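Below is run.cif, which holds mmCIF, C-alpha atoms.
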data_data
loop_
_atom_site.label_atom_id
_atom_site.label_comp_id
_atom_site.auth_asym_id
_atom_site.auth_seq_id
_atom_site.Cartn_x
_atom_site.Cartn_y
_atom_site.Cartn_z
CA MET A 888 87.07 109.35 -22.78
CA LYS A 889 87.77 111.08 -19.47
CA SER A 890 90.84 110.08 -17.52
CA VAL A 891 90.37 109.57 -13.78
CA THR A 892 92.69 108.45 -11.03
CA LEU A 893 91.53 105.98 -8.41
CA TYR A 894 93.34 105.29 -5.15
CA CYS A 895 91.88 102.46 -3.13
CA ASP A 896 92.57 100.42 -0.05
CA GLY A 897 90.95 97.73 2.04
CA SER A 898 91.36 96.72 5.65
CA SER A 899 90.41 93.71 7.71
CA LEU A 900 90.89 93.56 11.45
CA GLY A 901 91.56 89.89 12.07
CA ASN A 902 91.48 88.71 8.45
CA PRO A 903 88.82 87.43 8.56
CA GLY A 904 87.21 89.99 10.77
CA ALA A 905 85.66 93.43 10.63
CA GLY A 906 86.56 95.08 7.35
CA GLY A 907 86.50 98.42 5.64
CA TRP A 908 87.29 99.83 2.23
CA CYS A 909 87.90 103.23 0.69
CA GLY A 910 88.21 104.56 -2.84
CA ILE A 911 89.21 108.08 -3.79
CA LEU A 912 88.34 109.11 -7.33
CA GLN A 913 90.09 112.15 -8.72
CA PHE A 914 89.23 114.03 -11.92
CA LYS A 915 91.22 117.23 -12.44
CA GLU A 916 90.69 119.18 -9.20
CA ALA A 917 87.57 117.24 -8.11
CA LYS A 918 87.87 114.46 -5.55
CA LYS A 919 85.20 111.98 -4.47
CA ILE A 920 85.65 109.71 -1.45
CA LEU A 921 83.69 106.47 -1.19
CA SER A 922 83.85 104.05 1.72
CA GLY A 923 82.07 101.23 3.49
CA GLY A 924 82.63 98.01 5.33
CA GLU A 925 81.38 94.63 6.47
CA ALA A 926 81.21 92.89 9.82
CA HIS A 927 83.01 89.69 8.75
CA THR A 928 85.28 89.68 5.71
CA THR A 929 88.87 89.46 4.50
CA ASN A 930 91.43 92.04 3.46
CA ASN A 931 91.41 90.89 -0.17
CA ARG A 932 87.63 91.18 -0.37
CA MET A 933 87.81 94.73 0.97
CA GLU A 934 90.63 95.65 -1.43
CA LEU A 935 88.58 94.43 -4.38
CA LEU A 936 85.31 95.90 -3.12
CA ALA A 937 86.99 99.33 -2.96
CA VAL A 938 87.68 99.08 -6.69
CA ILE A 939 84.20 97.78 -7.54
CA GLU A 940 82.30 100.41 -5.56
CA SER A 941 84.48 103.19 -6.95
CA LEU A 942 83.92 102.07 -10.54
CA LYS A 943 80.17 101.93 -9.87
CA ALA A 944 80.30 105.62 -8.93
CA LEU A 945 81.54 106.68 -12.38
CA LYS A 946 78.73 108.12 -14.46
CA GLU A 947 80.36 107.63 -17.88
CA SER A 948 83.05 105.55 -19.55
CA CYS A 949 86.50 106.49 -18.28
CA TYR A 950 90.13 105.58 -18.54
CA VAL A 951 90.91 104.66 -14.92
CA GLU A 952 94.44 104.72 -13.58
CA LEU A 953 94.09 102.67 -10.42
CA TYR A 954 96.66 102.82 -7.62
CA SER A 955 96.57 100.14 -4.95
CA ASP A 956 98.93 98.60 -2.42
CA SER A 957 97.27 95.24 -3.10
CA LYS A 958 99.22 92.97 -5.44
CA TYR A 959 96.18 90.68 -5.39
CA VAL A 960 94.06 93.43 -6.98
CA CYS A 961 96.70 94.81 -9.35
CA ASP A 962 97.94 91.44 -10.60
CA GLY A 963 94.40 90.13 -10.75
CA ILE A 964 93.34 92.98 -13.04
CA ASN A 965 96.49 93.23 -15.15
CA LEU A 966 97.72 89.63 -15.34
CA TRP A 967 95.45 86.90 -14.04
CA LEU A 968 91.89 87.83 -14.95
CA LYS A 969 92.02 86.65 -18.56
CA ASN A 970 93.12 83.16 -17.47
CA TRP A 971 90.58 83.08 -14.62
CA ILE A 972 87.79 83.82 -17.09
CA ALA A 973 89.02 81.06 -19.41
CA LYS A 974 88.79 78.51 -16.59
CA ASP A 975 85.50 79.96 -15.29
CA PHE A 976 87.11 81.05 -12.01
CA ALA A 977 87.84 77.47 -10.93
CA LYS A 978 89.92 77.48 -7.72
CA VAL A 979 89.96 81.30 -7.64
CA LYS A 980 89.23 83.08 -4.36
CA ASN A 981 86.39 85.61 -4.35
CA PRO A 982 84.89 84.66 -7.74
CA ASP A 983 81.69 86.55 -6.86
CA LEU A 984 83.62 89.81 -6.57
CA TRP A 985 85.77 89.17 -9.63
CA ARG A 986 82.62 88.57 -11.68
CA LEU A 987 81.15 91.77 -10.29
CA TYR A 988 84.39 93.59 -11.15
CA LEU A 989 84.09 92.34 -14.74
CA ASP A 990 80.55 93.69 -14.94
CA VAL A 991 81.26 97.15 -13.50
CA SER A 992 84.55 97.59 -15.38
CA LYS A 993 83.03 96.85 -18.82
CA PRO A 994 82.48 100.49 -19.82
CA HIS A 995 85.93 101.53 -18.63
CA VAL A 996 89.57 100.97 -19.48
CA VAL A 997 91.28 100.12 -16.19
CA HIS A 998 95.01 99.96 -15.62
CA ALA A 999 96.22 99.01 -12.15
CA THR A 1000 99.52 100.15 -10.70
CA TRP A 1001 100.88 98.64 -7.50
CA ILE A 1002 102.27 101.09 -4.96
CA ARG A 1003 103.99 100.27 -1.71
CA GLY A 1004 101.69 100.78 1.26
CA HIS A 1005 102.62 103.29 3.95
CA SER A 1006 105.17 104.93 1.68
CA GLY A 1007 103.94 108.49 2.08
CA ILE A 1008 101.67 108.71 -0.97
CA ALA A 1009 99.04 111.08 0.39
CA LEU A 1010 95.88 109.66 -1.20
CA ASN A 1011 96.91 106.09 -0.42
CA GLU A 1012 97.52 107.05 3.21
CA GLU A 1013 94.10 108.75 3.31
CA CYS A 1014 92.45 105.62 1.89
CA ASP A 1015 94.18 103.45 4.47
CA LYS A 1016 92.99 105.65 7.33
CA ILE A 1017 89.39 105.73 6.08
CA ALA A 1018 89.29 101.96 5.38
CA LYS A 1019 90.49 101.22 8.91
CA SER A 1020 87.94 103.63 10.40
CA GLN A 1021 85.20 101.84 8.46
CA ALA A 1022 86.37 98.46 9.80
CA LEU A 1023 86.41 99.80 13.38
CA ARG A 1024 82.69 100.57 13.12
CA PHE A 1025 82.02 96.81 13.25
CA LEU A 1026 84.00 96.04 16.42
#
Will you turn the file into structure tokens for me?
Amino acid sequence: MKSVTLYCDGSSLGNPGAGGWCGILQFKEAKKILSGGEAHTTNNRMELLAVIESLKALKESCYVELYSDSKYVCDGINLWLKNWIAKDFAKVKNPDLWRLYLDVSKPHVVHATWIRGHSGIALNEECDKIAKSQALRFL
């Protein structure tokens, strides 16, 4: 199984408001940047959508080391998801996206690591900049 690194970030101007997301997949020396946005959304939706869309781009099963400055995403993946599934996502925000995450993550092994935002980690900073630029397209 290939090992890939994924840096991702989401942005929402207004929260809710115009939003953007970015994922940067890295395999050895290769780097793929994915991004997009929505006219009316929240920061958490964009954070999670960055992960989902990036996982969709993988063409085979991979071990994915995910780096995000979103505790919502990291804790959701590593800690909360099992319990959310057991209670069928009752009282969970963004169940549509969490269900989609479950679907697209099935072929992969995903481990999420929280990193502090704006701490000088180059690919996280790049994701932040791209996510914000995507959100600005909707203003």
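Proximity to A:Asp896 was assessed for A:Ala973, A:Cys949, A:Leu1023, A:Cys961 counting all atoms listed in the file; the smallest distance is recorded for A:Cys961.
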**Request:** Kindly resolve the PyMOL selection byres ((chain A and resi 992-1000) around 12) on the present coordinates and return the residues as a PyMOL selection string.
**Result:** chain A and resi 888-895+935+938-966+984-991+1001-1003
**Item:** A:Gly906 environment, 10 Å, all atoms listed in the file, sequence neighbours closer than 6 positions dropped, as number ranges by chain
**Value:** A: 897-900, 923-934, 1018-1026
**Message:** Expand the PyMOL selection byres ((chain A and resi 918) around 12) into the explicit residue set it covers here, and present it as a PyMOL selection string.
**Reply:** chain A and resi 891-894+910-917+919-921+941+1010
**Request:** Rank nothing, just name the residue among A:Asn1011, A:Leu968, A:Gly907, A:Ala937 nearest to A:Lys980, using all atoms listed in the file.
**Result:** A:Leu968
**Prompt:** Can you tell me how far atom CA of A:Ala905 sits from atom CA of A:Asp983, in Å to one decimal?
**Reply:** 19.2 Å
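Interatomic distance, atom CA of A:Pro903 to atom CA of A:Glu1013: 22.6 Å.
Across the structure, atom CA of A:Glu1012 and atom CA of A:Gly904 are spaced 21.3 Å apart.
Closest approach to A:Lys1016 among A:Val979, A:Ile972, A:Trp908, A:Trp967: A:Trp908, based on all atoms listed in the file.
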